[in-house]
$ cat final34.csv   # CSV, C-alpha atoms
chain,number,residue,atom,x,y,z
A,1,MET,CA,-15.0,27.3,-0.5
A,2,PHE,CA,-15.0,24.7,2.2
A,3,PRO,CA,-15.9,21.7,-0.2
A,4,VAL,CA,-12.8,22.2,-2.3
A,5,MET,CA,-10.4,22.6,0.7
A,6,MET,CA,-11.9,19.4,2.2
A,7,ALA,CA,-11.3,17.6,-1.1
A,8,VAL,CA,-7.8,19.0,-1.3
A,9,GLY,CA,-7.0,17.6,2.2
A,10,ALA,CA,-8.5,14.3,1.3
A,11,LEU,CA,-6.5,14.0,-1.9
A,12,GLY,CA,-3.2,14.8,-0.1
A,13,LEU,CA,-3.9,12.0,2.5
A,14,VAL,CA,-4.9,9.3,0.1
A,15,SER,CA,-2.0,10.2,-2.3
A,16,GLN,CA,0.5,9.6,0.5
A,17,VAL,CA,-1.1,6.4,1.7
A,18,VAL,CA,-1.4,4.9,-1.8
A,19,MET,CA,2.1,5.9,-3.0
A,20,LEU,CA,3.6,4.4,0.2
A,21,ARG,CA,1.8,1.1,-0.3
A,22,GLU,CA,2.8,0.9,-3.9
A,23,LEU,CA,6.4,1.8,-3.0
A,24,PHE,CA,6.4,-1.1,-0.5
A,25,ALA,CA,5.2,-3.5,-3.1
A,26,VAL,CA,7.7,-2.4,-5.7
A,27,PHE,CA,10.8,-2.3,-3.5
A,28,ALA,CA,9.9,-4.7,-0.7
A,29,GLY,CA,9.9,-1.6,1.5
A,30,ASN,CA,10.0,-1.2,5.3
A,31,GLU,CA,9.8,1.6,7.8
A,32,VAL,CA,12.8,3.3,6.1
A,33,SER,CA,10.7,3.6,2.9
A,34,SER,CA,7.9,5.2,4.8
A,35,GLY,CA,10.2,7.6,6.5
A,36,ILE,CA,11.8,8.7,3.3
A,37,LEU,CA,8.4,9.3,1.6
A,38,LEU,CA,7.0,11.2,4.6
A,39,ALA,CA,10.1,13.4,4.9
A,40,LEU,CA,10.2,14.2,1.2
A,41,TRP,CA,6.5,14.9,1.1
A,42,LEU,CA,6.8,17.4,3.9
A,43,LEU,CA,9.8,19.0,2.3
A,44,CYS,CA,8.2,19.4,-1.1
A,45,GLU,CA,4.9,20.6,0.4
A,46,GLY,CA,6.8,23.2,2.3
A,47,LEU,CA,8.6,24.3,-0.8
A,48,GLY,CA,5.3,24.5,-2.7
A,49,GLY,CA,3.8,26.6,0.0
A,50,PHE,CA,6.8,28.9,0.2
A,51,SER,CA,6.8,29.4,-3.6
A,52,ALA,CA,3.1,30.1,-3.6
A,53,GLY,CA,3.6,32.7,-0.9
A,54,ARG,CA,6.1,34.5,-3.0
A,55,ILE,CA,3.6,35.1,-5.7
A,56,LYS,CA,2.1,38.6,-5.5
A,57,ALA,CA,-1.5,38.2,-6.5
A,58,ILE,CA,-3.5,41.3,-5.6
A,59,ARG,CA,-6.6,40.9,-7.6
A,60,ALA,CA,-9.1,38.2,-6.4
A,61,GLU,CA,-9.5,36.9,-9.9
A,62,THR,CA,-5.7,36.3,-10.2
A,63,ARG,CA,-5.7,34.5,-6.9
A,64,TRP,CA,-8.4,32.2,-8.1
A,65,ASN,CA,-6.6,31.5,-11.3
A,66,TRP,CA,-3.5,30.4,-9.4
A,67,PHE,CA,-5.6,28.2,-7.2
A,68,PHE,CA,-7.4,26.7,-10.2
A,69,GLY,CA,-4.3,25.9,-12.1
A,70,CYS,CA,-2.6,24.5,-9.0
A,71,GLY,CA,-5.7,22.3,-8.4
A,72,LEU,CA,-5.6,20.9,-11.9
A,73,VAL,CA,-1.9,20.0,-11.6
A,74,SER,CA,-2.4,18.5,-8.2
A,75,ALA,CA,-5.1,16.1,-9.4
A,76,LEU,CA,-3.2,15.0,-12.5
A,77,SER,CA,0.1,14.6,-10.7
A,78,SER,CA,-1.4,12.7,-7.9
A,79,LEU,CA,-2.7,10.1,-10.3
A,80,GLY,CA,0.4,10.2,-12.4
A,81,GLY,CA,2.6,9.7,-9.3
A,82,VAL,CA,0.9,6.4,-8.5
A,83,VAL,CA,1.4,5.2,-12.0
A,84,LEU,CA,5.1,6.3,-11.8
A,85,VAL,CA,5.6,4.3,-8.6
A,86,ILE,CA,4.3,1.1,-10.3
A,87,LEU,CA,6.4,1.6,-13.4
A,88,CYS,CA,9.5,3.0,-11.8
A,89,ARG,CA,11.5,-0.2,-12.1
A,90,ARG,CA,10.8,-0.3,-15.8
A,91,LEU,CA,11.5,3.4,-16.3
A,92,PHE,CA,14.8,3.4,-14.4
A,93,GLY,CA,16.0,0.2,-15.9
A,94,LEU,CA,15.9,-1.9,-12.7
A,95,LEU,CA,15.5,-5.7,-12.8
A,96,PRO,CA,12.5,-7.3,-11.1
A,97,THR,CA,14.5,-8.5,-8.0
A,98,GLU,CA,17.2,-5.8,-8.1
A,99,SER,CA,17.7,-4.0,-4.7
A,100,VAL,CA,18.4,-0.3,-4.6
A,101,ASN,CA,20.5,1.6,-2.1
A,102,LEU,CA,19.2,4.5,0.1
A,103,PHE,CA,20.2,7.2,-2.3
A,104,VAL,CA,18.5,5.6,-5.4
A,105,LEU,CA,15.3,5.0,-3.4
A,106,THR,CA,15.4,8.7,-2.2
A,107,GLY,CA,15.8,9.9,-5.8
A,108,ILE,CA,13.0,7.8,-7.1
A,109,THR,CA,10.7,8.8,-4.2
A,110,LEU,CA,11.5,12.5,-4.8
A,111,ALA,CA,10.6,12.2,-8.5
A,112,VAL,CA,7.3,10.6,-7.5
A,113,VAL,CA,6.1,13.0,-4.8
A,114,PHE,CA,7.5,16.3,-5.9
A,115,LEU,CA,4.6,17.6,-7.9
A,116,PRO,CA,1.7,16.1,-5.8
A,117,ALA,CA,3.3,17.4,-2.6
A,118,ALA,CA,4.4,20.8,-3.9
A,119,THR,CA,1.0,21.6,-5.4
A,120,HIS,CA,-0.7,20.4,-2.2
A,121,GLY,CA,1.3,23.0,-0.3
A,122,GLY,CA,0.5,25.6,-2.9
A,123,LEU,CA,-3.2,24.9,-2.7
A,124,PHE,CA,-3.2,25.7,1.0
A,125,VAL,CA,-1.5,29.1,0.4
A,126,PHE,CA,-3.6,30.0,-2.6
A,127,GLY,CA,-6.8,28.9,-0.8
A,128,SER,CA,-5.9,31.1,2.1
A,129,MET,CA,-5.5,34.0,-0.2
A,130,VAL,CA,-8.8,33.4,-2.0
A,131,TRP,CA,-10.7,32.9,1.3
A,132,SER,CA,-9.2,35.9,3.0
A,133,SER,CA,-10.1,38.2,0.1
A,134,SER,CA,-13.6,37.0,-0.1
A,135,VAL,CA,-14.5,36.7,3.6
A,136,ASP,CA,-12.2,38.3,6.2
A,137,GLU,CA,-8.8,38.0,7.7
A,138,SER,CA,-9.6,34.6,9.2
A,139,GLY,CA,-9.1,32.8,5.9
A,140,VAL,CA,-6.0,30.9,7.0
A,141,ALA,CA,-7.7,29.4,10.0
A,142,ARG,CA,-10.8,28.4,8.0
A,143,VAL,CA,-8.7,26.8,5.2
A,144,TYR,CA,-6.6,24.9,7.8
A,145,PHE,CA,-9.7,23.6,9.6
A,146,TYR,CA,-11.5,22.4,6.4
A,147,GLU,CA,-8.4,20.9,4.9
A,148,GLY,CA,-7.8,19.0,8.2
A,149,ALA,CA,-11.4,17.9,8.3
A,150,GLY,CA,-11.2,16.5,4.8
A,151,THR,CA,-8.0,14.7,5.7
A,152,VAL,CA,-9.5,13.0,8.7
A,153,LEU,CA,-12.7,11.9,6.9
A,154,ALA,CA,-10.6,10.5,4.0
A,155,ALA,CA,-8.5,8.5,6.4
A,156,ILE,CA,-11.6,7.0,8.0
A,157,PHE,CA,-13.2,6.2,4.7
A,158,CYS,CA,-10.1,4.7,3.2
A,159,TYR,CA,-9.3,2.5,6.1
A,160,PHE,CA,-12.7,1.0,6.6
A,161,PHE,CA,-14.1,1.0,3.0
A,162,LEU,CA,-11.5,1.4,0.3
A,163,LEU,CA,-7.9,0.1,0.9
A,164,SER,CA,-8.7,-3.6,0.9
A,165,ARG,CA,-11.5,-3.4,-1.7
A,166,VAL,CA,-10.3,-1.4,-4.7
A,167,PRO,CA,-6.9,-0.7,-6.3
A,168,GLY,CA,-4.9,2.2,-5.1
A,169,LEU,CA,-5.0,3.9,-8.5
A,170,VAL,CA,-8.8,4.0,-8.2
A,171,ILE,CA,-8.7,5.5,-4.7
A,172,VAL,CA,-6.5,8.4,-5.9
A,173,GLY,CA,-8.6,8.8,-9.1
A,174,LEU,CA,-11.8,9.0,-7.0
A,175,PHE,CA,-10.5,11.8,-4.7
A,176,ALA,CA,-8.7,13.6,-7.6
A,177,GLY,CA,-12.1,13.6,-9.4
A,178,LEU,CA,-13.7,15.2,-6.3
A,179,VAL,CA,-11.2,18.0,-6.4
A,180,LEU,CA,-12.0,18.6,-10.1
A,181,VAL,CA,-15.7,18.6,-9.4
A,182,THR,CA,-15.4,21.2,-6.8
A,183,LEU,CA,-13.4,23.3,-9.2
A,184,VAL,CA,-16.1,23.1,-11.7
A,185,LEU,CA,-18.8,24.2,-9.2
A,186,LEU,CA,-16.8,27.2,-8.0
A,187,SER,CA,-15.5,28.4,-11.4
A,188,ALA,CA,-17.2,31.3,-13.2
A,189,ARG,CA,-15.6,31.1,-16.7
A,190,TRP,CA,-16.8,28.5,-19.2
A,191,TRP,CA,-13.3,27.1,-19.9
A,192,GLN,CA,-12.6,26.7,-16.2
A,193,ARG,CA,-15.7,24.6,-16.0
A,194,TRP,CA,-15.3,22.5,-19.1
A,195,LEU,CA,-11.6,21.6,-18.6
A,196,PRO,CA,-11.8,20.1,-15.1
A,197,GLY,CA,-15.2,18.6,-16.0
A,198,ILE,CA,-13.8,16.6,-18.9
A,199,LEU,CA,-10.9,15.5,-16.7
A,200,ALA,CA,-13.3,14.5,-13.9
A,201,VAL,CA,-15.3,12.3,-16.3
A,202,PHE,CA,-12.0,10.6,-17.2
A,203,PHE,CA,-11.1,10.1,-13.6
A,204,PHE,CA,-14.5,8.7,-12.6
A,205,GLY,CA,-14.4,6.5,-15.7
A,206,LEU,CA,-11.3,5.0,-14.2
A,207,VAL,CA,-13.1,4.4,-11.0
A,208,PHE,CA,-16.1,2.6,-12.5
A,209,GLY,CA,-14.3,1.1,-15.5
A,210,PRO,CA,-12.0,-2.0,-15.8
A,211,ASN,CA,-9.7,-0.6,-13.1
A,212,GLN,CA,-8.4,-4.0,-12.0
A,213,GLU,CA,-7.4,-5.0,-15.5
A,214,ILE,CA,-5.6,-1.6,-15.9
A,215,GLU,CA,-3.7,-2.1,-12.6
A,216,ARG,CA,-2.8,-5.7,-13.6
A,217,ARG,CA,-1.4,-4.5,-17.0
A,218,LEU,CA,0.6,-1.7,-15.2
A,219,TRP,CA,2.2,-4.3,-12.9
A,220,GLU,CA,2.9,-6.5,-15.9
A,221,LEU,CA,4.9,-3.7,-17.4
A,222,ASN,CA,6.8,-3.3,-14.2
A,223,TRP,CA,7.7,-7.0,-13.9
A,224,GLN,CA,9.5,-7.5,-17.2
A,225,GLY,CA,9.3,-11.0,-18.6
A,226,GLN,CA,6.6,-12.1,-16.1
A,227,ARG,CA,2.9,-12.6,-16.6
A,228,VAL,CA,0.9,-11.0,-13.8
A,229,LEU,CA,-2.1,-13.2,-13.0
A,230,LYS,CA,-3.6,-11.3,-10.2
A,231,VAL,CA,-3.1,-8.1,-8.1
A,232,GLN,CA,-5.0,-7.5,-5.0
A,233,ASP,CA,-4.8,-5.3,-1.9
A,234,SER,CA,-5.3,-6.4,1.7
A,235,PRO,CA,-5.5,-4.3,4.8
A,236,TYR,CA,-1.8,-5.0,5.3
A,237,ALA,CA,-0.1,-5.2,2.0
A,238,LYS,CA,-0.3,-5.8,-1.8
A,239,VAL,CA,-0.4,-9.4,-3.1
A,240,VAL,CA,0.9,-10.0,-6.6
A,241,THR,CA,0.8,-13.4,-8.3
A,242,LEU,CA,3.3,-13.9,-11.2
A,243,GLU,CA,3.8,-16.7,-13.7
A,244,ARG,CA,6.7,-17.4,-16.1
A,245,GLU,CA,7.1,-20.7,-18.1
A,246,GLY,CA,5.1,-22.7,-15.5
A,247,GLN,CA,6.8,-21.1,-12.5
A,248,TYR,CA,4.3,-19.4,-10.1
A,249,GLN,CA,5.2,-16.8,-7.5
A,250,VAL,CA,3.2,-15.0,-4.9
A,251,LEU,CA,4.7,-11.7,-3.7
A,252,TYR,CA,3.6,-10.1,-0.5
A,253,ASP,CA,4.8,-6.4,-0.5
A,254,GLY,CA,7.4,-7.4,-3.0
A,255,VAL,CA,8.7,-10.4,-0.9
A,256,GLU,CA,8.3,-13.9,-2.3
A,257,VAL,CA,6.1,-16.1,0.0
A,258,LEU,CA,5.3,-18.9,-2.4
A,259,SER,CA,7.2,-20.4,-5.4
A,260,LEU,CA,5.8,-23.4,-7.3
A,261,PRO,CA,7.5,-25.6,-8.2
A,262,VAL,CA,9.6,-25.1,-5.1
A,263,VAL,CA,13.0,-23.6,-6.0
A,264,ASP,CA,14.7,-23.4,-2.6
A,265,VAL,CA,14.2,-27.0,-1.5
A,266,ALA,CA,17.3,-27.0,0.6
A,267,GLY,CA,16.2,-23.9,2.5
A,268,ILE,CA,12.8,-25.4,3.3
A,269,GLU,CA,14.4,-28.6,4.5
A,270,GLU,CA,16.8,-26.6,6.7
A,271,MET,CA,14.0,-24.5,8.3
A,272,ALA,CA,12.0,-27.6,9.1
A,273,ASN,CA,14.7,-30.1,10.2
A,274,VAL,CA,17.4,-28.1,11.9
A,275,PRO,CA,15.1,-26.9,14.7
A,276,LEU,CA,13.9,-30.5,15.2
A,277,LEU,CA,17.6,-31.5,15.9
A,278,PHE,CA,17.5,-29.2,18.9
A,279,VAL,CA,14.0,-30.0,20.0
A,280,SER,CA,13.8,-33.7,19.8
A,281,GLY,CA,10.4,-35.3,20.0
A,282,ALA,CA,8.5,-32.1,19.1
A,283,ARG,CA,4.8,-33.1,18.4
A,284,ARG,CA,3.0,-29.8,18.4
A,285,ILE,CA,4.5,-27.2,16.1
A,286,LEU,CA,3.5,-23.6,15.5
A,287,VAL,CA,4.3,-21.8,12.3
A,288,LEU,CA,4.0,-18.0,12.4
A,289,GLY,CA,3.9,-16.4,8.9
A,290,PRO,CA,3.7,-17.9,5.4
A,291,GLY,CA,4.6,-21.6,5.7
A,292,LEU,CA,2.3,-23.1,3.2
A,293,GLY,CA,3.8,-24.3,0.0
A,294,GLY,CA,6.6,-26.5,1.2
A,295,LEU,CA,7.5,-25.9,4.9
A,296,VAL,CA,4.3,-27.5,6.3
A,297,ALA,CA,4.6,-30.5,3.9
A,298,GLU,CA,8.2,-31.0,5.1
A,299,LEU,CA,7.1,-30.9,8.8
A,300,LEU,CA,4.3,-33.4,8.1
A,301,ARG,CA,7.0,-35.9,7.0
A,302,ARG,CA,8.0,-36.2,10.7
A,303,ASP,CA,6.1,-37.8,13.5
A,304,VAL,CA,4.0,-34.7,14.5
A,305,GLU,CA,0.6,-34.5,16.1
A,306,GLU,CA,-0.4,-31.0,15.0
A,307,VAL,CA,1.0,-28.2,12.9
A,308,THR,CA,-0.7,-24.9,13.5
A,309,VAL,CA,-0.2,-22.1,10.9
A,310,VAL,CA,-1.1,-18.6,11.9
A,311,PHE,CA,-1.8,-15.9,9.2
A,312,ASN,CA,-2.5,-12.3,10.1
A,313,ASP,CA,-3.8,-11.6,6.5
A,314,ARG,CA,-6.8,-13.5,5.2
A,315,VAL,CA,-6.2,-12.2,1.7
A,316,LEU,CA,-2.7,-13.7,1.6
A,317,PHE,CA,-4.0,-17.0,2.8
A,318,GLU,CA,-6.7,-17.2,0.2
A,319,GLU,CA,-4.3,-16.4,-2.6
A,320,LEU,CA,-1.8,-19.0,-1.4
A,321,ARG,CA,-4.5,-21.6,-1.3
A,322,ARG,CA,-5.7,-20.6,-4.8
A,323,ALA,CA,-2.2,-20.3,-6.4
A,324,GLY,CA,-0.6,-23.2,-4.4
A,325,GLY,CA,-2.4,-25.9,-6.4
A,326,ARG,CA,-2.2,-29.5,-5.1
A,327,LEU,CA,0.8,-28.9,-2.8
A,328,VAL,CA,-1.0,-26.3,-0.6
A,329,SER,CA,-4.3,-28.2,-0.9
A,330,GLY,CA,-2.6,-31.3,0.4
A,331,GLU,CA,-1.1,-29.4,3.3
A,332,ILE,CA,-4.4,-27.8,4.3
A,333,SER,CA,-6.4,-31.0,4.0
A,334,ASP,CA,-4.1,-33.0,6.3
A,335,PRO,CA,-6.0,-33.6,9.6
A,336,ARG,CA,-2.9,-32.6,11.5
A,337,VAL,CA,-2.9,-29.1,10.1
A,338,ARG,CA,-4.8,-26.2,11.6
A,339,VAL,CA,-4.9,-22.8,9.9
A,340,VAL,CA,-5.7,-19.8,12.0
A,341,ILE,CA,-6.4,-16.3,10.7
A,342,ASP,CA,-5.5,-14.0,13.6
A,343,ASP,CA,-2.9,-11.6,14.8
A,344,PRO,CA,0.1,-13.7,16.0
A,345,ARG,CA,0.5,-11.8,19.2
A,346,ARG,CA,-3.1,-12.1,20.1
A,347,PHE,CA,-3.1,-15.8,19.2
A,348,LEU,CA,-0.1,-16.4,21.5
A,349,THR,CA,-1.9,-14.5,24.3
A,350,GLN,CA,-5.0,-16.6,24.0
A,351,GLU,CA,-3.4,-20.0,23.3
A,352,LYS,CA,-3.5,-22.2,26.5
A,353,ASN,CA,-2.0,-25.6,25.5
A,354,GLY,CA,1.4,-24.4,24.4
A,355,PHE,CA,3.7,-25.8,21.6
A,356,ASP,CA,6.9,-27.8,21.5
A,357,LEU,CA,8.4,-25.7,18.7
A,358,ILE,CA,7.6,-22.3,17.2
A,359,LEU,CA,8.9,-21.4,13.8
A,360,LEU,CA,8.9,-17.8,12.7
A,361,THR,CA,9.2,-17.9,8.9
A,362,SER,CA,9.9,-14.2,8.3
A,363,PRO,CA,13.7,-13.6,8.3
A,364,ALA,CA,13.4,-9.9,9.2
A,365,PRO,CA,10.6,-7.3,9.6
A,366,GLY,CA,10.0,-6.9,5.9
A,367,ASN,CA,6.9,-4.7,6.3
A,368,LEU,CA,5.2,-2.6,8.9
A,369,ALA,CA,2.7,-5.4,9.8
A,370,GLU,CA,5.6,-7.7,10.7
A,371,ASN,CA,7.5,-5.3,12.9
A,372,ARG,CA,5.4,-6.3,15.8
A,373,LEU,CA,6.8,-9.9,15.6
A,374,PHE,CA,10.3,-8.6,16.3
A,375,SER,CA,10.1,-7.2,19.8
A,376,ARG,CA,10.9,-8.2,23.3
A,377,GLU,CA,7.3,-8.6,24.2
A,378,PHE,CA,6.7,-11.0,21.3
A,379,PHE,CA,9.5,-13.3,22.1
A,380,GLN,CA,8.4,-13.3,25.7
A,381,LEU,CA,5.0,-14.5,24.5
A,382,CYS,CA,6.7,-17.3,22.5
A,383,GLN,CA,8.8,-18.3,25.5
A,384,ARG,CA,5.7,-18.5,27.8
$ encode --input "final34.csv" --output "structure tokens"
Amino acid sequence: MFPVMMAVGALGLVSQVVMLRELFAVFAGNEVSSGILLALWLLCEGLGGFSAGRIKAIRAETRWNWFFGCGLVSALSSLGGVVLVILCRRLFGLLPTESVNLFVLTGITLAVVFLPAATHGGLFVFGSMVWSSSVDESGVARVYFYEGAGTVLAAIFCYFFLLSRVPGLVIVGLFAGLVLVTLVLLSARWWQRWLPGILAVFFFGLVFGPNQEIERRLWELNWQGQRVLKVQDSPYAKVVTLEREGQYQVLYDGVEVLSLPVVDVAGIEEMANVPLLFVSGARRILVLGPGLGGLVAELLRRDVEEVTVVFNDRVLFEELRRAGGRLVSGEISDPRVRVVIDDPRRFLTQEKNGFDLILLTSPAPGNLAENRLFSREFFQLCQR
């Protein structure tokens, strides 16, 4: 019994992580988005466990049937929930850049997580019933331990090996397939073996098939009127590159960080020139955050000795360099420009020479990775 409960715990963890990352990318989310998803997941999981506990299943065979059915729904709804997150703008009639209020975001999140979370709670209760009837009265403790062990192992494996290498849809498909395989191995009836077996083949086919093309097409359905050129995950966020009638955009967790040809020329000129009015004679300038694609070029028009650009995400930098064309290539090739891939706070701690001017390009903590740049300690580092 322990393999299936470990697989259940792993599926619950990866479903939450992947849905949260996709939700960030669709709605340019922040810590409020994560709080809503976590709260609704716990609520729905509790409701699922409560509902499963109200079912009177005396016979061991009946208990297993409930567990089997709940496992099938959990695997299918977890994968479907990820697809629903990606397509939710299209399904709910929202424009690509349209913002939603807290109530709409809560409703969409509830629609996404209800079935995966409720069935995850139900699997714990049904698993405890099955284990207690087949072993002894310590079934709940055993199920809790093995489910927790699967959760921890999945967290380690996802963080170090999966999140920045394969699409989120593939990650959920992989662990949902593992749940189905364990159901096949533990089932006695022929139809309870064939049904999850066929579904597992489909899920693993998604893992080893053209999964990146499938994800790109799903995002293309989400961004109506846009041609999605590339979708990739980094350890911090999702990077999506769009094109429409010669206008290229790079989105970082749903926030535009590059637009070519440059649309907001006045905004870039203000960000570069207004600070120079207050810091006359600035020669060494530090740019923290996405500044390639216009801002650095504008700074290089002035009499500067060095412009240092610090990225905390190598995947984002590589995509900006690829999608930025001649503008970004010209900025990087300038001998006065230095690009550093490092955590901004760690960079400020190790930097000894100091700067005349520091520009923080993010207007607000748009994602969890940037929250660390809006704290008292961070600005004290900048001042030093």
$ closest_atom_pairs --input "final34.csv" --of "stretch 174-275 of chain A" --to "stretch 21-28 of chain A" --cutoff "9 Å" --atoms "all atoms listed in the file" --output "Markdown table"
| residue | atom | partner | partner_atom | distance |
| --- | --- | --- | --- | --- |
| A:Asn222 | CA | A:Val26 | CA | 8.6 |
| A:Ala237 | CA | A:Arg21 | CA | 7.0 |
| A:Lys238 | CA | A:Ala25 | CA | 6.1 |
| A:Val239 | CA | A:Ala25 | CA | 8.1 |
| A:Val240 | CA | A:Ala25 | CA | 8.5 |
| A:Leu251 | CA | A:Ala25 | CA | 8.2 |
| A:Tyr252 | CA | A:Ala25 | CA | 7.3 |
| A:Asp253 | CA | A:Ala25 | CA | 3.9 |
| A:Gly254 | CA | A:Ala28 | CA | 4.3 |
| A:Val255 | CA | A:Ala28 | CA | 5.8 |
$ atom_distance --input "final34.csv" --atom1 "atom CA of A:Ile55" --atom2 "atom CA of A:Cys70"
12.7 Å
$ atom_distance --input "final34.csv" --atom1 "atom CA of A:Gly197" --atom2 "atom CA of A:Ala176"
11.7 Å
$ residues_around --input "final34.csv" --residues "A:Leu183" --least-positions-apart "4" --cutoff "9 Å" --atoms "only C-alpha atoms" --output "tab-separated table (two decimals) with C-alpha atoms, in the coordinates of the input"
chain	number	residue	atom	x	y	z
A	4	VAL	CA	-12.80	22.20	-2.30
A	68	PHE	CA	-7.40	26.70	-10.20
A	71	GLY	CA	-5.70	22.30	-8.40
A	72	LEU	CA	-5.60	20.90	-11.90
A	178	LEU	CA	-13.70	15.20	-6.30
A	179	VAL	CA	-11.20	18.00	-6.40
A	187	SER	CA	-15.50	28.40	-11.40
A	192	GLN	CA	-12.60	26.70	-16.20
A	193	ARG	CA	-15.70	24.60	-16.00
A	196	PRO	CA	-11.80	20.10	-15.10
A	197	GLY	CA	-15.20	18.60	-16.00
$ closest_residue --input "final34.csv" --among "A:Ser99, A:Ser33, A:Ser78, A:Thr106" --to "A:Thr119" --atoms "all atoms listed in the file"
A:Ser78
$ closest_residue --input "final34.csv" --among "A:Leu360, A:Leu195, A:Ala200, A:Leu123" --to "A:Met271" --atoms "all atoms listed in the file"
A:Leu360
$ residues_around --input "final34.csv" --residues "A:Asp313" --least-positions-apart "6" --cutoff "10 Å" --atoms "only C-alpha atoms" --output "ChimeraX atom specification"
/A:234-237,289-290,341-343,369
$ write_last_selection --input "final34.csv" --atoms "C-alpha atoms" --output "PDB file, in the coordinates of the input"
ATOM      1  CA  SER A 234      -5.300  -6.400   1.700  1.00  0.00           C
ATOM      2  CA  PRO A 235      -5.500  -4.300   4.800  1.00  0.00           C
ATOM      3  CA  TYR A 236      -1.800  -5.000   5.300  1.00  0.00           C
ATOM      4  CA  ALA A 237      -0.100  -5.200   2.000  1.00  0.00           C
ATOM      5  CA  GLY A 289       3.900 -16.400   8.900  1.00  0.00           C
ATOM      6  CA  PRO A 290       3.700 -17.900   5.400  1.00  0.00           C
ATOM      7  CA  ILE A 341      -6.400 -16.300  10.700  1.00  0.00           C
ATOM      8  CA  ASP A 342      -5.500 -14.000  13.600  1.00  0.00           C
ATOM      9  CA  ASP A 343      -2.900 -11.600  14.800  1.00  0.00           C
ATOM     10  CA  ALA A 369       2.700  -5.400   9.800  1.00  0.00           C
TER      11      ALA A 369
END
$ residues_around --input "final34.csv" --residues "A:Asp303" --least-positions-apart "5" --cutoff "10 Å" --atoms "only C-alpha atoms" --output "MDAnalysis selection string"
chainID A and resid 281:284
$ atom_distance --input "final34.csv" --atom1 "atom CA of A:Leu87" --atom2 "atom CA of A:Lys230"
16.6 Å
$ closest_residue --input "final34.csv" --among "A:Val130, A:Ala141, A:Val125, A:Val296" --to "A:Arg54" --atoms "only C-alpha atoms"
A:Val125
$ closest_residue --input "final34.csv" --among "A:Gly9, A:Gly205, A:Gly69, A:Gly150" --to "A:Ala117" --atoms "all atoms listed in the file"
A:Gly9
$ closest_residue --input "final34.csv" --among "A:Thr308, A:Ser74, A:Gln380, A:Thr182" --to "A:Phe114" --atoms "only C-alpha atoms"
A:Ser74
$ residues_around --input "final34.csv" --residues "A:Trp41" --least-positions-apart "4" --cutoff "10 Å" --atoms "only C-alpha atoms" --output "PyMOL selection string"
chain A and resi 12+16+35-37+45-47+109-110+112-118+120-121
$ closest_residue --input "final34.csv" --among "A:Arg89, A:Ala10, A:Gly294, A:Phe67" --to "A:Leu153" --atoms "all atoms listed in the file"
A:Ala10
$ decode --input "final34.csv" --residues "stretch 166-177 of chain A" --atoms "N, CA and C atoms" --output "PDB file, in the first residue's frame"
ATOM      1  N   VAL A 166      11.642  20.894 -17.604  1.00  0.00           N
ATOM      2  CA  VAL A 166      10.512  20.381 -18.376  1.00  0.00           C
ATOM      3  C   VAL A 166       9.281  21.215 -18.060  1.00  0.00           C
ATOM      4  N   PRO A 167       8.291  21.245 -18.976  1.00  0.00           N
ATOM      5  CA  PRO A 167       7.059  22.005 -18.726  1.00  0.00           C
ATOM      6  C   PRO A 167       6.294  21.474 -17.516  1.00  0.00           C
ATOM      7  N   GLY A 168       5.538  22.378 -16.881  1.00  0.00           N
ATOM      8  CA  GLY A 168       4.756  21.984 -15.716  1.00  0.00           C
ATOM      9  C   GLY A 168       3.736  20.915 -16.033  1.00  0.00           C
ATOM     10  N   LEU A 169       3.169  20.967 -17.231  1.00  0.00           N
ATOM     11  CA  LEU A 169       2.202  19.959 -17.651  1.00  0.00           C
ATOM     12  C   LEU A 169       2.819  18.562 -17.635  1.00  0.00           C
ATOM     13  N   VAL A 170       4.069  18.478 -18.010  1.00  0.00           N
ATOM     14  CA  VAL A 170       4.774  17.194 -18.031  1.00  0.00           C
ATOM     15  C   VAL A 170       5.027  16.693 -16.611  1.00  0.00           C
ATOM     16  N   ILE A 171       5.369  17.611 -15.705  1.00  0.00           N
ATOM     17  CA  ILE A 171       5.639  17.216 -14.322  1.00  0.00           C
ATOM     18  C   ILE A 171       4.400  16.603 -13.693  1.00  0.00           C
ATOM     19  N   VAL A 172       3.257  17.258 -13.860  1.00  0.00           N
ATOM     20  CA  VAL A 172       2.013  16.711 -13.304  1.00  0.00           C
ATOM     21  C   VAL A 172       1.648  15.406 -14.003  1.00  0.00           C
ATOM     22  N   GLY A 173       1.826  15.335 -15.324  1.00  0.00           N
ATOM     23  CA  GLY A 173       1.544  14.099 -16.040  1.00  0.00           C
ATOM     24  C   GLY A 173       2.394  12.935 -15.568  1.00  0.00           C
ATOM     25  N   LEU A 174       3.665  13.209 -15.248  1.00  0.00           N
ATOM     26  CA  LEU A 174       4.569  12.163 -14.768  1.00  0.00           C
ATOM     27  C   LEU A 174       4.091  11.591 -13.440  1.00  0.00           C
ATOM     28  N   PHE A 175       3.771  12.459 -12.482  1.00  0.00           N
ATOM     29  CA  PHE A 175       3.376  11.962 -11.160  1.00  0.00           C
ATOM     30  C   PHE A 175       1.954  11.416 -11.157  1.00  0.00           C
ATOM     31  N   ALA A 176       1.082  11.947 -12.017  1.00  0.00           N
ATOM     32  CA  ALA A 176      -0.241  11.350 -12.157  1.00  0.00           C
ATOM     33  C   ALA A 176      -0.124   9.951 -12.751  1.00  0.00           C
ATOM     34  N   GLY A 177       0.793   9.773 -13.702  1.00  0.00           N
ATOM     35  CA  GLY A 177       1.040   8.455 -14.261  1.00  0.00           C
ATOM     36  C   GLY A 177       1.538   7.465 -13.219  1.00  0.00           C
TER      37      GLY A 177
END
